[in-house]
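Student: For reference, the file protein-v2.tsv (TSV, C-alpha atoms and all ligand atoms) is included below:
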chain	number	residue	atom	x	y	z
A	17	MET	CA	176.11	38.66	70.23
A	18	PRO	CA	175.07	39.07	73.91
A	19	ALA	CA	171.27	39.04	74.47
A	20	VAL	CA	169.58	42.42	74.34
A	21	ALA	CA	167.32	43.01	77.33
A	22	GLU	CA	163.66	43.85	76.98
A	23	LEU	CA	162.88	47.53	77.22
A	24	ALA	CA	159.57	48.62	78.79
A	25	VAL	CA	157.68	51.47	77.11
A	26	LEU	CA	155.26	53.40	79.33
A	27	ASP	CA	152.82	55.62	77.49
A	28	HIS	CA	150.98	58.56	79.04
A	29	ASP	CA	148.26	56.51	80.74
A	30	ALA	CA	150.67	53.81	81.93
A	31	VAL	CA	152.84	56.44	83.67
A	32	LEU	CA	149.81	57.86	85.44
A	33	ALA	CA	148.61	54.37	86.38
A	34	ALA	CA	152.06	53.49	87.74
A	35	VAL	CA	152.68	56.58	89.88
A	36	SER	CA	150.02	58.27	92.00
A	37	PRO	CA	150.34	61.95	92.99
A	38	GLU	CA	150.95	60.80	96.59
A	39	VAL	CA	153.92	58.65	95.51
A	40	ALA	CA	155.23	61.42	93.21
A	41	ILE	CA	155.20	63.90	96.11
A	42	GLU	CA	157.07	61.52	98.42
A	43	ARG	CA	159.65	60.63	95.74
A	44	VAL	CA	160.24	64.24	94.64
A	45	ARG	CA	160.79	65.27	98.26
A	46	ASP	CA	163.36	62.46	98.60
A	47	ALA	CA	165.06	63.45	95.30
A	48	LEU	CA	165.48	67.06	96.43
A	49	LEU	CA	167.17	65.85	99.58
A	50	ARG	CA	169.46	63.35	97.82
A	51	HIS	CA	170.51	65.96	95.28
A	52	HIS	CA	171.18	68.44	98.05
A	53	HIS	CA	173.45	65.88	99.74
A	54	GLY	CA	175.33	65.34	96.46
A	55	GLU	CA	174.13	61.74	95.98
A	56	TRP	CA	172.40	62.48	92.66
A	57	VAL	CA	174.32	64.15	89.82
A	58	MET	CA	172.57	66.58	87.48
A	59	PRO	CA	174.47	68.53	84.77
A	60	PRO	CA	172.73	71.72	83.55
A	61	LYS	CA	169.96	71.29	80.98
A	62	VAL	CA	170.84	72.07	77.36
A	63	TYR	CA	168.51	74.19	75.21
A	64	LEU	CA	168.36	73.64	71.47
A	65	ASP	CA	166.35	76.40	69.78
A	66	SER	CA	164.09	75.51	66.90
A	67	PRO	CA	163.12	78.93	65.56
A	68	PRO	CA	160.50	80.21	65.04
A	69	TYR	CA	158.56	77.36	66.66
A	70	GLY	CA	160.09	76.68	70.06
A	71	ASP	CA	162.91	74.69	71.61
A	72	PHE	CA	164.15	71.26	72.66
A	73	ARG	CA	165.65	70.60	76.08
A	74	ALA	CA	168.02	67.76	77.02
A	75	MET	CA	168.00	67.00	80.74
A	76	PRO	CA	170.39	64.33	82.12
A	77	VAL	CA	170.63	63.00	85.68
A	78	ARG	CA	172.12	60.03	87.53
A	79	GLY	CA	171.20	58.63	90.90
A	80	GLU	CA	170.24	55.47	92.76
A	81	GLY	CA	171.91	53.16	90.23
A	82	LEU	CA	169.95	54.73	87.36
A	83	ALA	CA	170.70	57.30	84.67
A	84	LEU	CA	168.05	59.29	82.83
A	85	LEU	CA	167.82	61.60	79.85
A	86	LYS	CA	164.71	63.66	79.21
A	87	TRP	CA	164.33	65.02	75.68
A	88	ILE	CA	161.43	67.44	75.86
A	89	THR	CA	160.06	70.40	73.93
A	90	SER	CA	158.30	73.71	74.39
A	91	PHE	CA	156.49	74.74	71.21
A	92	PRO	CA	154.14	77.55	72.33
A	93	GLU	CA	152.27	77.87	69.02
A	94	ASN	CA	151.43	74.15	68.89
A	95	PRO	CA	147.91	74.42	70.41
A	96	ALA	CA	146.88	76.56	67.41
A	97	ARG	CA	147.98	73.60	65.25
A	98	GLY	CA	146.01	71.15	67.36
A	99	LEU	CA	149.18	69.83	69.00
A	100	PRO	CA	150.37	69.86	72.63
A	101	THR	CA	152.88	72.56	73.67
A	102	VAL	CA	155.09	70.00	75.37
A	103	THR	CA	156.03	66.55	74.06
A	104	GLY	CA	158.99	64.27	74.55
A	105	VAL	CA	160.46	61.04	75.72
A	106	ILE	CA	162.48	59.89	78.71
A	107	CYS	CA	165.10	57.16	78.54
A	108	LEU	CA	165.87	55.46	81.85
A	109	SER	CA	169.06	53.37	81.90
A	110	ASP	CA	170.99	51.14	84.27
A	111	ALA	CA	173.87	53.27	85.58
A	112	GLY	CA	175.95	50.14	86.17
A	113	THR	CA	175.76	48.63	82.70
A	114	GLY	CA	174.52	51.54	80.59
A	115	GLU	CA	171.61	49.41	79.31
A	116	PRO	CA	168.35	51.23	78.61
A	117	LEU	CA	165.61	49.87	80.91
A	118	MET	CA	162.52	51.91	80.14
A	119	LEU	CA	161.16	54.57	77.79
A	120	LEU	CA	158.52	56.84	79.26
A	121	ASP	CA	156.18	59.48	77.92
A	122	ALA	CA	157.78	62.73	79.08
A	123	ARG	CA	154.57	64.78	79.25
A	124	SER	CA	152.96	62.72	82.00
A	125	VAL	CA	156.20	62.44	84.02
A	126	THR	CA	156.73	66.20	83.72
A	127	ALA	CA	153.18	67.02	84.74
A	128	LEU	CA	153.34	64.73	87.77
A	129	ARG	CA	156.73	65.90	88.99
A	130	THR	CA	155.85	69.57	88.46
A	131	GLY	CA	152.67	69.25	90.50
A	132	ALA	CA	154.52	67.20	93.09
A	133	VAL	CA	157.23	69.81	93.72
A	134	ALA	CA	154.53	72.46	94.23
A	135	ALA	CA	152.97	70.23	96.89
A	136	VAL	CA	156.35	69.67	98.59
A	137	ALA	CA	157.11	73.42	98.58
A	138	THR	CA	153.68	74.21	100.00
A	139	GLN	CA	154.08	71.62	102.79
A	140	VAL	CA	157.48	73.06	103.69
A	141	LEU	CA	156.96	76.80	103.19
A	142	ALA	CA	153.29	77.72	103.58
A	143	ARG	CA	151.80	78.51	106.99
A	144	PRO	CA	151.01	75.28	108.85
A	145	GLN	CA	147.32	76.28	108.79
A	146	ALA	CA	147.28	76.96	105.02
A	147	GLN	CA	144.35	75.24	103.36
A	148	THR	CA	142.96	77.19	100.40
A	149	ILE	CA	144.76	77.01	97.05
A	150	GLY	CA	144.62	79.46	94.15
A	151	ILE	CA	145.48	78.03	90.75
A	152	ILE	CA	146.26	80.65	88.10
A	153	GLY	CA	146.49	78.96	84.72
A	154	CYS	CA	144.52	75.71	84.54
A	155	GLY	CA	146.16	74.01	81.57
A	156	LEU	CA	148.05	70.73	81.70
A	157	HIS	CA	150.51	71.63	84.46
A	158	GLY	CA	148.04	73.79	86.39
A	159	ALA	CA	145.67	70.82	86.52
A	160	TRP	CA	148.34	68.42	87.81
A	161	THR	CA	149.52	71.01	90.32
A	162	ALA	CA	145.97	71.22	91.65
A	163	ARG	CA	145.65	67.40	91.72
A	164	CYS	CA	148.90	67.03	93.65
A	165	LEU	CA	147.93	69.72	96.14
A	166	ALA	CA	144.55	68.04	96.61
A	167	ALA	CA	146.34	64.70	97.11
A	168	ALA	CA	148.48	66.38	99.78
A	169	GLY	CA	145.29	67.37	101.62
A	170	TYR	CA	144.97	70.98	100.52
A	171	GLY	CA	141.80	72.62	99.29
A	172	PRO	CA	139.25	73.72	98.50
A	173	GLY	CA	140.74	76.02	95.92
A	174	VAL	CA	139.92	78.67	93.36
A	175	CYS	CA	140.75	77.87	89.74
A	176	HIS	CA	141.38	80.87	87.50
A	177	ASP	CA	142.21	80.94	83.81
A	178	THR	CA	141.76	83.57	81.10
A	179	ARG	CA	139.73	80.87	79.31
A	180	SER	CA	136.74	79.91	81.44
A	181	GLU	CA	136.43	76.29	80.26
A	182	PRO	CA	139.70	74.84	81.72
A	183	ALA	CA	139.06	76.61	85.03
A	184	ARG	CA	135.49	75.30	85.22
A	185	ARG	CA	136.55	71.78	84.27
A	186	LEU	CA	139.35	71.61	86.85
A	187	ALA	CA	137.19	73.11	89.59
A	188	GLY	CA	134.46	70.57	88.77
A	189	GLU	CA	136.90	67.65	88.92
A	190	LEU	CA	138.21	68.58	92.37
A	191	ASP	CA	135.00	70.07	93.76
A	192	TRP	CA	136.74	73.45	94.01
A	193	ASP	CA	135.45	76.78	92.61
A	194	PRO	CA	136.21	78.60	89.39
A	195	GLY	CA	136.97	82.26	90.11
A	196	SER	CA	138.56	85.57	89.23
A	197	LEU	CA	142.27	86.35	89.44
A	198	GLU	CA	141.59	88.39	92.60
A	199	GLN	CA	139.77	85.49	94.26
A	200	ALA	CA	142.58	83.07	93.42
A	201	LEU	CA	145.18	85.48	94.79
A	202	ARG	CA	143.36	85.72	98.14
A	203	CYS	CA	143.99	82.02	98.89
A	204	ASP	CA	146.53	80.79	101.47
A	205	ALA	CA	148.83	79.34	98.79
A	206	VAL	CA	148.78	80.39	95.15
A	207	CYS	CA	150.24	78.45	92.23
A	208	CYS	CA	150.97	80.36	89.02
A	209	VAL	CA	151.10	78.06	86.02
A	210	THR	CA	150.54	80.36	83.03
A	211	PRO	CA	152.83	80.53	79.98
A	212	GLY	CA	154.61	83.44	81.69
A	213	ASN	CA	153.90	86.00	78.94
A	214	ALA	CA	152.62	88.64	81.35
A	215	PRO	CA	152.79	89.07	85.14
A	216	VAL	CA	149.73	87.88	87.06
A	217	VAL	CA	151.04	88.84	90.53
A	218	ALA	CA	151.75	92.47	91.46
A	219	VAL	CA	153.23	93.72	94.72
A	220	GLY	CA	149.77	94.93	95.82
A	221	ASP	CA	148.45	91.35	95.62
A	222	LEU	CA	150.76	90.09	98.38
A	223	HIS	CA	148.92	89.50	101.66
A	224	PRO	CA	150.46	88.48	105.00
A	225	GLY	CA	151.23	84.77	105.24
A	226	LEU	CA	150.76	84.08	101.51
A	227	HIS	CA	152.84	81.33	99.89
A	228	LEU	CA	153.45	81.53	96.13
A	229	ASN	CA	154.54	78.66	93.90
A	230	MET	CA	155.79	80.16	90.62
A	231	LEU	CA	155.83	77.32	88.09
A	232	GLY	CA	155.16	78.87	84.69
A	233	ALA	CA	158.38	80.88	84.25
A	234	ASP	CA	160.71	78.00	83.42
A	235	GLY	CA	162.85	79.62	80.76
A	236	PRO	CA	164.48	82.90	79.74
A	237	GLY	CA	162.13	85.82	79.09
A	238	LYS	CA	159.20	84.43	81.10
A	239	ALA	CA	157.75	85.96	84.28
A	240	GLU	CA	154.49	85.63	86.22
A	241	ALA	CA	155.17	88.25	88.92
A	242	SER	CA	156.51	91.80	88.73
A	243	VAL	CA	160.12	92.21	89.86
A	244	GLU	CA	158.83	94.38	92.74
A	245	ALA	CA	156.56	91.54	93.89
A	246	VAL	CA	159.37	88.99	93.66
A	247	SER	CA	161.79	91.15	95.62
A	248	ALA	CA	159.19	91.78	98.36
A	249	CYS	CA	159.02	88.02	99.18
A	250	VAL	CA	161.16	85.62	101.19
A	251	LEU	CA	162.68	83.66	98.31
A	252	PHE	CA	163.20	79.97	97.62
A	253	CYS	CA	163.99	78.04	94.44
A	254	ASP	CA	164.64	74.53	93.20
A	255	GLU	CA	168.16	75.37	91.98
A	256	TRP	CA	169.83	78.77	92.07
A	257	GLU	CA	171.74	78.42	88.76
A	258	GLN	CA	168.63	77.60	86.79
A	259	ALA	CA	166.29	79.97	88.65
A	260	SER	CA	168.60	82.97	88.37
A	261	HIS	CA	169.07	82.49	84.61
A	262	GLY	CA	165.75	81.16	83.39
A	263	GLY	CA	163.16	81.40	86.13
A	264	GLU	CA	160.88	83.71	88.04
A	265	LEU	CA	163.86	85.15	89.93
A	266	THR	CA	165.73	86.15	86.76
A	267	GLY	CA	164.14	89.58	86.30
A	268	ALA	CA	164.73	90.63	89.91
A	269	VAL	CA	168.33	89.32	89.76
A	270	ALA	CA	168.97	91.23	86.50
A	271	ALA	CA	167.52	94.40	88.07
A	272	GLY	CA	169.96	94.03	90.98
A	273	LEU	CA	167.09	93.61	93.49
A	274	VAL	CA	167.91	90.01	94.44
A	275	ASP	CA	171.22	88.21	94.90
A	276	ARG	CA	172.28	84.65	95.83
A	277	ASP	CA	172.32	85.41	99.57
A	278	ARG	CA	168.60	86.17	99.57
A	279	VAL	CA	167.52	82.87	98.01
A	280	SER	CA	167.43	79.41	99.62
A	281	GLU	CA	167.15	76.13	97.74
A	282	LEU	CA	164.26	73.89	98.76
A	283	GLY	CA	166.61	70.91	99.26
A	284	ALA	CA	168.56	72.89	101.88
A	285	VAL	CA	165.34	73.73	103.69
A	286	LEU	CA	164.26	70.07	103.62
A	287	ALA	CA	167.67	69.09	105.01
A	288	GLY	CA	167.15	71.53	107.89
A	289	GLU	CA	170.25	73.51	106.91
A	290	VAL	CA	168.50	76.80	106.22
A	291	ARG	CA	165.35	78.37	107.57
A	292	GLY	CA	162.08	78.03	105.70
A	293	ARG	CA	159.19	80.40	106.46
A	294	PRO	CA	160.55	82.97	108.96
A	295	ASP	CA	157.20	83.87	110.57
A	296	ARG	CA	153.42	83.82	110.13
A	297	GLU	CA	153.28	87.15	108.31
A	298	ALA	CA	156.05	86.60	105.71
A	299	VAL	CA	155.17	86.14	102.06
A	300	THR	CA	157.15	83.18	100.73
A	301	LEU	CA	157.84	82.53	97.04
A	302	PHE	CA	159.11	79.28	95.56
A	303	ASP	CA	160.53	79.49	92.03
A	304	SER	CA	160.24	76.12	90.27
A	305	THR	CA	162.15	75.85	87.02
A	306	GLY	CA	161.94	72.05	86.81
A	307	LEU	CA	164.82	69.68	87.53
A	308	ALA	CA	165.78	66.34	86.01
A	309	ILE	CA	166.05	64.94	89.56
A	310	GLN	CA	162.24	65.30	89.78
A	311	ASP	CA	161.92	63.29	86.55
A	312	LEU	CA	164.22	60.60	87.90
A	313	ALA	CA	162.15	60.46	91.09
A	314	VAL	CA	158.96	59.71	89.11
A	315	ALA	CA	160.62	57.45	86.50
A	316	ARG	CA	162.20	55.37	89.25
A	317	ALA	CA	158.80	54.91	90.89
A	318	ALA	CA	157.36	53.88	87.51
A	319	LEU	CA	160.13	51.33	86.97
A	320	GLN	CA	159.50	49.88	90.40
A	321	ALA	CA	155.73	49.66	89.75
A	322	TRP	CA	156.36	47.87	86.43
A	323	ARG	CA	158.86	45.44	87.95
A	324	GLU	CA	156.37	44.64	90.71
A	325	GLY	CA	153.66	43.96	88.14
A	326	GLN	CA	151.50	46.89	89.26
A	327	VAL	CA	151.30	48.30	85.73
A	328	LYS	CA	151.32	46.78	82.26
A	329	ALA	CA	153.64	48.14	79.57
A	330	GLN	CA	154.54	47.45	75.99
A	331	THR	CA	158.05	46.01	75.61
A	332	VAL	CA	160.55	46.25	72.75
A	333	ARG	CA	163.99	44.87	71.97
A	334	LEU	CA	166.25	47.37	70.23
B	401	LIG	N1	158.35	74.66	86.47
B	401	LIG	C1	158.30	73.55	85.80
B	401	LIG	O1	158.91	72.55	86.17
B	401	LIG	C2	157.46	73.48	84.56
B	401	LIG	C3	157.18	72.23	83.99
B	401	LIG	C4	156.38	72.18	82.88
B	401	LIG	C5	155.86	73.34	82.33
B	401	LIG	N2	156.16	74.53	82.89
B	401	LIG	C6	155.63	75.79	82.33
B	401	LIG	O2	154.33	75.98	82.84
B	401	LIG	C7	153.62	76.83	81.93
B	401	LIG	C8	152.26	76.22	81.63
B	401	LIG	O3	152.44	75.02	80.91
B	401	LIG	P1	151.18	74.14	80.46
B	401	LIG	O4	151.74	72.96	79.76
B	401	LIG	O5	150.28	73.92	81.62
B	401	LIG	O6	150.50	75.09	79.40
B	401	LIG	P2	149.00	75.08	78.92
B	401	LIG	O7	148.97	75.82	77.64
B	401	LIG	O8	148.43	73.69	78.99
B	401	LIG	O9	148.25	75.92	80.06
B	401	LIG	C9	148.46	77.29	80.29
B	401	LIG	C10	147.13	77.86	80.77
B	401	LIG	O10	147.34	79.20	81.21
B	401	LIG	C11	146.22	79.98	80.79
B	401	LIG	N3	146.65	81.37	80.80
B	401	LIG	C12	147.40	82.03	79.88
B	401	LIG	N4	147.60	83.31	80.28
B	401	LIG	C13	146.96	83.43	81.47
B	401	LIG	C14	146.82	84.50	82.38
B	401	LIG	N5	147.37	85.70	82.17
B	401	LIG	N6	146.08	84.30	83.50
B	401	LIG	C15	145.49	83.09	83.74
B	401	LIG	N7	145.60	82.03	82.91
B	401	LIG	C16	146.35	82.21	81.80
B	401	LIG	C17	145.88	79.42	79.43
B	401	LIG	O11	144.56	79.76	79.05
B	401	LIG	C18	146.08	77.92	79.66
B	401	LIG	O12	144.89	77.28	80.09
B	401	LIG	C19	154.52	76.98	80.70
B	401	LIG	O13	155.19	78.21	80.76
B	401	LIG	C20	155.48	75.83	80.83
B	401	LIG	O14	156.70	76.07	80.15
B	401	LIG	C21	156.93	74.62	83.99
Take the structure I supplied and represent it as C-alpha cells, if you would.
Tutor:
Amino acid sequence: MPAVAELAVLDHDAVLAAVSPEVAIERVRDALLRHHHGEWVMPPKVYLDSPPYGDFRAMPVRGEGLALLKWITSFPENPARGLPTVTGVICLSDAGTGEPLMLLDARSVTALRTGAVAAVATQVLARPQAQTIGIIGCGLHGAWTARCLAAAGYGPGVCHDTRSEPARRLAGELDWDPGSLEQALRCDAVCCVTPGNAPVVAVGDLHPGLHLNMLGADGPGKAEASVEAVSACVLFCDEWEQASHGGELTGAVAAGLVDRDRVSELGAVLAGEVRGRPDREAVTLFDSTGLAIQDLAVARAALQAWREGQVKAQTVRL
C-alpha cells in the first residue's frame, strides 16, 4: 500500500492563531478577484434540511491547486440547548492528487471570513472618510465582523444587541461603545449580523453616505432590512445567484423591486469592471450570503501558516 500522508487538524484556537484578521481580509479580497476572473471554481451550496432543528450545508470550491469542502450547520434552537448555532468541519485537499491535507474547525474559519468580507466591502464601498461602525447583533459573527473592521482601521463603533451583555462585552474588548439601535444606525458604516428574524433597518433609517453590510440574512426566509429600504440603496452582493435566492436581496427581488441589472458583485467592483459607490450621498448596501471561496481563502492561509511552522496542529493518518 502507498504511504498515507499526515493530515493536520486545526481546532478553533489553532485557526485563529494561524490567520489574523488582517491576513483574512487580504486573502478574501484576493479570492473575490480570482473567482471573478474564473480562476476559482465554486458550485452552488447544497442545503440538507434537518427538520425541525435546522439544516446542513455542503460548500465545495477549488482554486490555487487546492480543493475544499465545508460541511456546516445552522441549528437556530441550539443555544437554548447550550450548544452553538453553527458547527462543522472543513476538509482541504490537494487538487492535483485528491489527498486530504488539513481538517479545520469550520466555525472559526466562517467567523473570520465573514468578518473579513465585511471589511473588504466597507473599504471598497463606504465613503473614503467613513470611520464609525455600527454593529447590530453582537453574537459570534457580529463580534468577528467588528474585530475585522477594527483591524482594517475603522472605529470607534457602536455595538447594539437586544441582549445587553454581548454588546457591552464587544464594546469593552474594542474600546467602542454599547448603544441603541438608533445610535448604531447613525454610524458611517453599519453591519447587520442578527439571525434575520425581523428587519432592523427601515427606509427612514437611511442617511446620506451610509454604507450597509447585511450579513445575517444568509438563507431563505431571512431579512434584516425592509424591502423598501433595500430597494432605496445602491446594491452590491457577493454572488447574485445566492443573494437573489437566499439573501437580503431576495425579498426585494421577489416583490419585483430589484432585478439583476441593479446589483453589482463585489468581485466585479474590485476588478474595476463596474462602478462602486456612485457619489458621496448614495446609500450603498452589500448583501453577504457567504461563499466557499472565502473559506478557501482562509483555509489556504492556515495551511501556509502550518507548513511554515507558525502554528502547531494535531496530526492524524486516516
Ligand atoms: N453572511 C455570511 O457569510 C454569514 C456567515 C455566518 C453566519 N451568518 C448569519 O449571521 C447571523 C448571526 O449569526 P451568529 O452566529 O453571529 O449568531 P449569534 O446567535 O451568535 O448572534 C446573533 C446575535 O444577534 C442578536 N439579535 C437577535 N435579534 C436582534 C435584533 N433584532 N437586534 C439586535 N440584535 C439582535 C442576538 O441577541 C445575538 O447576540 C445568522 O443569521 C447566521 O446564519 C451569515
Student: Which residues sit within 9 Å of ligand LIG 401 (chain B), counting all atoms listed in the file, listed as a PyMOL selection string?
Tutor: chain A and resi 90+92+95+100-102+123+126-127+129-131+133-134+151-160+176-183+197+208-216+230-235+238-240+263+303-307+310
Student: Of the candidates A:Ser124, A:Gln199, A:Thr103, A:Gln258, which shows the shortest atom-to-atom distance to Ile88 (chain A), using only C-alpha atoms?
Tutor: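 Among A:Ser124, A:Gln199, A:Thr103, A:Gln258, it is A:Thr103 that comes nearest to Ile88 (chain A).
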Student: Would you mind reading off the distance between CA of Pro67 (chain A) and CA of Ala96 (chain A), one decimal, in Å?
Tutor: 16.5 Å
Student: Rounded to one decimal in Å, what is the spacing between CA of Glu38 (chain A) and CA of Asp254 (chain A)?
Tutor: 19.7 Å
Student: Would you compute the distance between CA of Thr300 (chain A) and CA of Glu244 (chain A)? Give it in Å to one decimal.
Tutor: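 So the answer is 13.9 Å.
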Student: Would you pick out the contacts of Arg184 (chain A) at 8 Å or less, using all atoms listed in the file, so that residues sharing its chain but fewer than 6 positions from it are not included, and give the list as a PyMOL selection string?
Tutor: chain A and resi 175+193-194
Student: Keeping C-alpha atoms for every residue in the selection just given, could you write it to a file as a compact mmCIF listing (two decimals), in the coordinates of the input?
Tutor:
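Saved file out00.txt follows:
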# COMPACT_ATOMS: atom_id res chain seq x y z
CA CYS A 175 140.75 77.87 89.74
CA ASP A 193 135.45 76.78 92.61
CA PRO A 194 136.21 78.60 89.39
Student: Tell me which of A:Arg202, A:His52, A:His261, A:Arg296 sits closest to Ser280 (chain A), counting all atoms listed in the file.
Tutor: A:His52
